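K.L.:
Submitted below is the structure of interest, expressed as structure tokens.
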Amino acid sequence: MDVSADVSPNVNDDRDVVIRVTGLRNVFGDQVVHDGLDLEVRRGEILGVVGGSGTGKSVLMRSIIGLQTPEAGEVTVFGISMIGREETEAKTVRRRWGVLFQNGALFSTLTVAENVEVPLREYYPALSERMLDEIAGYKIVMAGLSGDDGPKYPSELSGGMRKRAGLARALALDPELLFLDEPTAGLDPIAAANFDALTKGLQQTLGLTVFLITHDLDTLHAICDRVAVLADRKVVAVGTIPELLALDHPWIQEYFNGPRGRTAAASAAEHAEAGAE
Amino acid sequence: MSGPATFTIDDADGGPVLHMSGPLVLSRLRDLPDRLAAITPAPARIDLSGVDRMDTVGAWIIHRLARDHDAAISGANDEATRLIAQVAAADQPFRVRPDTLPAFLRVLGQIGEATVRAGGTMLGLVGFFGAVLLAAWDVARHPRRFRFNAVTRQFEVVGVEALGIIGLMSFLIGIVIAQQGAVQLRQFGAEVFTINLVGRITLRELGVLMTAIMVAGRSGSAFAAQIGSMKLAEEIDAMRTIGVAPMEALVLPRMIATVTLMPLLGFYSSLIGMVGGGILCWLALDIPLATFVQRIREVVPITDLYVGLIKAPVFGAIIAMAGCFQGMQVQGNAEEVGLRTTAAVVQSIFLVIVLDAFFAVFFSSIGWM
């Protein structure tokens, strides 16, 4: 534990912290996944969460969104405690976030458009059918699908399209906070780059805060404002990639300076140069 | 918190101007879309300077209004301009539901589809039976490829583990038949014929039939689910690429186990059924067990046993085939596994009962009554 927990200047203003996790502890059987994990996500940033397989990235996300009750610790989202809260209070928080699960988690008996309408119907039963259809329509196109994909069933979609449809559903309620669980896993490089651009574009136009779990080094370089590194059962460091590179944690060095890490960094630098010209 | 989104209209030089105010966000809309739709005459300009907050739904409403009435938008701040541009870019012709046909045509289509599917399934089953026979012939010529471990494992799952439930079920069925039979026969003073009833019906029909239904529910469904999920996880494809024939490794052991065990389980079920009937006769009709056994030997012809034993392996083959066949048909998603498992059970029980009727007619006509 020679590495400081947070290399960026501390944010003390509570209004700018969307998610705050303190002292989180998760245990499965006798396997301790998290122990004393702390993390802050600030308003308007894309926070990338990285870590080796089995370090509990998804478990962390599930703890934050309330699908997993941690053994100890405190999780607040928008300043509201997510552990032991009232169901009505949880509902007001839930309508302010959208979650994209790893494989889209679309409801298989509903069409893409009906999937997008589910959260709208749940929270705003007064909306007219026409309004619902229109909202679903532009959300689906915004998520990068075409207008013809609305009546299709999830089983008729490819993996990439399923993720886009999942994203459209996550965006249905105009959330302020978006959780993405490995959005580019299983996509080809072109589709992955498109998805990155889409995430970044939506984050900028809609002013989203994004909590993004990923293994994809290109995604980290391309769109993440800060990166949190999960190792040794906690977040060992949070910061921009250059800040992380300055640390001498063995896993971080191997991750960003391994052959794949260097290639991704080089191509990101190239893109930046090309953009500047 | 601010109030709901609202608007006012006033007339200016270029036509009516719509002044929007309040937060133009999804949670504050209320009936705003309906009220906006009811405005006449249509606004020529939309003024957004009174809007303090906007999300994409609000932007969409403004965009639609401007698009439909060809109105100009003014007074939008940077954020609103950006959002409206964003939703305008996403405004494309759009379909929500699959095209629907008139109800009559749809029902007609469904009937046609079901007929084609049923025909396809029957053809597929026949083809599958052929493939199983070919695989069996192959293994018979190369006995070293016989998967002894897989077969014994299936013996255990299909047979040994089913003994408890089949025994209990048969025992209770035996009691029910004896009890119901006794009540009816008592009216003629012919209670003693309860023994004939129990002995003949369990050996000829019920032992094997109830066993077949139980095995279809326990093992046929399990075959479909196991093979189906293996198909989904591409395990079957992996087997093929390695050079293991799925027919030989998965289907044949299950077929052999079910075909071999069905007569044994059926016979076991008949015996336990007679035990149940015997106990009821003893307790309720005061017929001693020794007399019961004696009477059974006198009134039940040996052909009744043969009838049961001949039917059982055929039923077993049908159950195993329907299960494995449906499992192999799985493709796409996990939902399909459930559907195919249901189909396997329904199909095998249906075929078993249809065949049982044929057998009944056949055995009567050859004089085994």
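Convention: chains lettered A, B, ... in structure tokens order; per-chain residue numbering from 1; ligands numbered from 1 as shown.
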Within 12 Å of chain A, which residues of chain B show up when using only C-alpha atoms, listed as a PyMOL selection string?

P.N.:
chain B and resi 25-34+37+54-61+63-64+78-100+331-336

K.L.:
Which residues, written as a PyMOL selection string, have at least one atom at most 12 Å from Ala231 of chain A, with only C-alpha atoms counted and residues fewer than 5 positions away on the same chain left out?

P.N.:
chain A and resi 1+3+5+33-37+49-57+236-238+249-252+255

K.L.:
Based on the selection just made, write C-alpha atoms of those residues as an mmCIF file, in the first residue's frame.

P.N.:
```
data_model
loop_
_atom_site.group_PDB
_atom_site.id
_atom_site.type_symbol
_atom_site.label_atom_id
_atom_site.label_comp_id
_atom_site.auth_asym_id
_atom_site.auth_seq_id
_atom_site.Cartn_x
_atom_site.Cartn_y
_atom_site.Cartn_z
ATOM 1 C CA MET A 1 0.000 0.000 0.000
ATOM 2 C CA VAL A 3 0.551 4.078 -3.474
ATOM 3 C CA ALA A 5 -5.311 6.346 -2.840
ATOM 4 C CA VAL A 33 -13.733 -9.190 -3.094
ATOM 5 C CA HIS A 34 -13.610 -5.651 -1.720
ATOM 6 C CA ASP A 35 -12.207 -4.489 1.590
ATOM 7 C CA GLY A 36 -12.157 -0.821 2.519
ATOM 8 C CA LEU A 37 -12.813 0.391 -1.021
ATOM 9 C CA VAL A 49 -12.854 1.497 -13.989
ATOM 10 C CA VAL A 50 -10.165 -1.056 -14.779
ATOM 11 C CA GLY A 51 -8.812 -4.089 -12.998
ATOM 12 C CA GLY A 52 -7.794 -7.674 -13.655
ATOM 13 C CA SER A 53 -10.382 -10.401 -14.017
ATOM 14 C CA GLY A 54 -11.980 -11.205 -10.692
ATOM 15 C CA THR A 55 -11.109 -7.915 -8.994
ATOM 16 C CA GLY A 56 -14.783 -7.147 -8.634
ATOM 17 C CA LYS A 57 -15.449 -4.407 -11.168
ATOM 18 C CA VAL A 236 -5.449 1.624 -5.563
ATOM 19 C CA ALA A 237 -5.373 4.791 -7.653
ATOM 20 C CA VAL A 238 -7.617 7.250 -9.463
ATOM 21 C CA HIS A 249 2.316 0.124 -8.768
ATOM 22 C CA PRO A 250 3.331 -3.086 -10.548
ATOM 23 C CA TRP A 251 -0.145 -3.894 -11.954
ATOM 24 C CA ILE A 252 -0.668 -0.343 -13.278
ATOM 25 C CA TYR A 255 -1.348 -2.695 -17.648
#
```

K.L.:
Might you pull out every residue within 9 Å of Gly276 of chain B, with only C-alpha atoms counted and same-chain residues fewer than 3 positions away left off, and present them as a PDB file with C-alpha atoms, in the first residue's frame?

P.N.:
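Saved the output as selection_33.pdb:
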```pdb
ATOM      1  CA  SER B 170     -47.293 -46.816  -8.682  1.00  0.00           C
ATOM      2  CA  PHE B 171     -48.107 -47.771  -5.103  1.00  0.00           C
ATOM      3  CA  LEU B 172     -50.648 -44.962  -4.846  1.00  0.00           C
ATOM      4  CA  ILE B 173     -52.119 -45.718  -8.275  1.00  0.00           C
ATOM      5  CA  GLY B 174     -52.528 -49.373  -7.229  1.00  0.00           C
ATOM      6  CA  ILE B 175     -54.404 -48.298  -4.108  1.00  0.00           C
ATOM      7  CA  VAL B 176     -56.649 -45.912  -6.057  1.00  0.00           C
ATOM      8  CA  ALA B 178     -58.323 -51.168  -6.082  1.00  0.00           C
ATOM      9  CA  LEU B 271     -45.309 -54.989  -9.228  1.00  0.00           C
ATOM     10  CA  ILE B 272     -45.448 -52.059  -6.823  1.00  0.00           C
ATOM     11  CA  GLY B 273     -48.918 -51.208  -8.174  1.00  0.00           C
ATOM     12  CA  ILE B 279     -52.612 -54.029   0.655  1.00  0.00           C
ATOM     13  CA  LEU B 280     -55.888 -52.226   0.021  1.00  0.00           C
ATOM     14  CA  CYS B 281     -57.674 -55.525  -0.618  1.00  0.00           C
TER      15      CYS B 281
END
```

K.L.:
Ranking A:Leu247, A:Leu47, A:Met61, A:Val99 by minimum distance to Arg169 of chain A and counting only C-alpha atoms, which one comes first?

P.N.:
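Looking only at the distances to Arg169 of chain A, the closest residue turns out to be A:Val99.
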
K.L.:
Taking only C-alpha atoms into account, name the residue in B:Ser364, B:Gln226, B:Thr194, B:Gln187 that is nearest to Gly277 of chain B.

P.N.:
B:Thr194

K.L.:
Of the candidates A:Ala228, A:Ala90, A:Ile80, A:Val235, which one gets nearest to Leu67 of chain A if we count only C-alpha atoms?

P.N.:
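Checking each candidate against Leu67 of chain A, we get A:Ala90 as the closest.
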
K.L.:
As a VMD selection string, please: every residue in segment 50-211 of chain A that DSSP puts in strand (DSSP E or B).

P.N.:
chain A and resid 50 to 51 72 to 77 80 to 81 97 to 100 177 to 181 209 to 211

K.L.:
Would you put the residues from that selection into a file with C-alpha atoms, as a PDB file, in the first residue's frame?

P.N.:
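The result, stored in result-v7.pdb:
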```pdb
ATOM      1  CA  VAL A  50     -10.165  -1.056 -14.779  1.00  0.00           C
ATOM      2  CA  GLY A  51      -8.812  -4.089 -12.998  1.00  0.00           C
ATOM      3  CA  ALA A  72     -20.025  -3.058   5.187  1.00  0.00           C
ATOM      4  CA  GLY A  73     -19.467   0.422   3.860  1.00  0.00           C
ATOM      5  CA  GLU A  74     -21.447   3.359   2.614  1.00  0.00           C
ATOM      6  CA  VAL A  75     -22.603   4.144  -0.922  1.00  0.00           C
ATOM      7  CA  THR A  76     -24.261   7.441  -1.793  1.00  0.00           C
ATOM      8  CA  VAL A  77     -25.565   8.422  -5.222  1.00  0.00           C
ATOM      9  CA  ILE A  80     -28.633   9.792  -1.129  1.00  0.00           C
ATOM     10  CA  SER A  81     -27.495   6.708   0.741  1.00  0.00           C
ATOM     11  CA  TRP A  97     -29.607   6.903 -13.803  1.00  0.00           C
ATOM     12  CA  GLY A  98     -29.411   4.499 -16.710  1.00  0.00           C
ATOM     13  CA  VAL A  99     -27.613   1.164 -16.714  1.00  0.00           C
ATOM     14  CA  LEU A 100     -26.239  -0.703 -19.712  1.00  0.00           C
ATOM     15  CA  LEU A 177     -25.696   9.266 -14.615  1.00  0.00           C
ATOM     16  CA  LEU A 178     -24.912   6.381 -16.906  1.00  0.00           C
ATOM     17  CA  PHE A 179     -23.413   3.030 -15.922  1.00  0.00           C
ATOM     18  CA  LEU A 180     -21.752   1.088 -18.714  1.00  0.00           C
ATOM     19  CA  ASP A 181     -20.496  -2.442 -18.070  1.00  0.00           C
ATOM     20  CA  THR A 209     -21.696  11.496 -15.789  1.00  0.00           C
ATOM     21  CA  VAL A 210     -20.459   8.095 -16.933  1.00  0.00           C
ATOM     22  CA  PHE A 211     -19.259   5.177 -14.820  1.00  0.00           C
TER      23      PHE A 211
END
```

K.L.:
When distances are computed from only C-alpha atoms, which of B:Phe155, B:Trp368, B:Phe315, B:Trp137 shows the smallest separation from Phe350 of chain B?

P.N.:
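Closest residue, counting only C-alpha atoms: B:Phe315.
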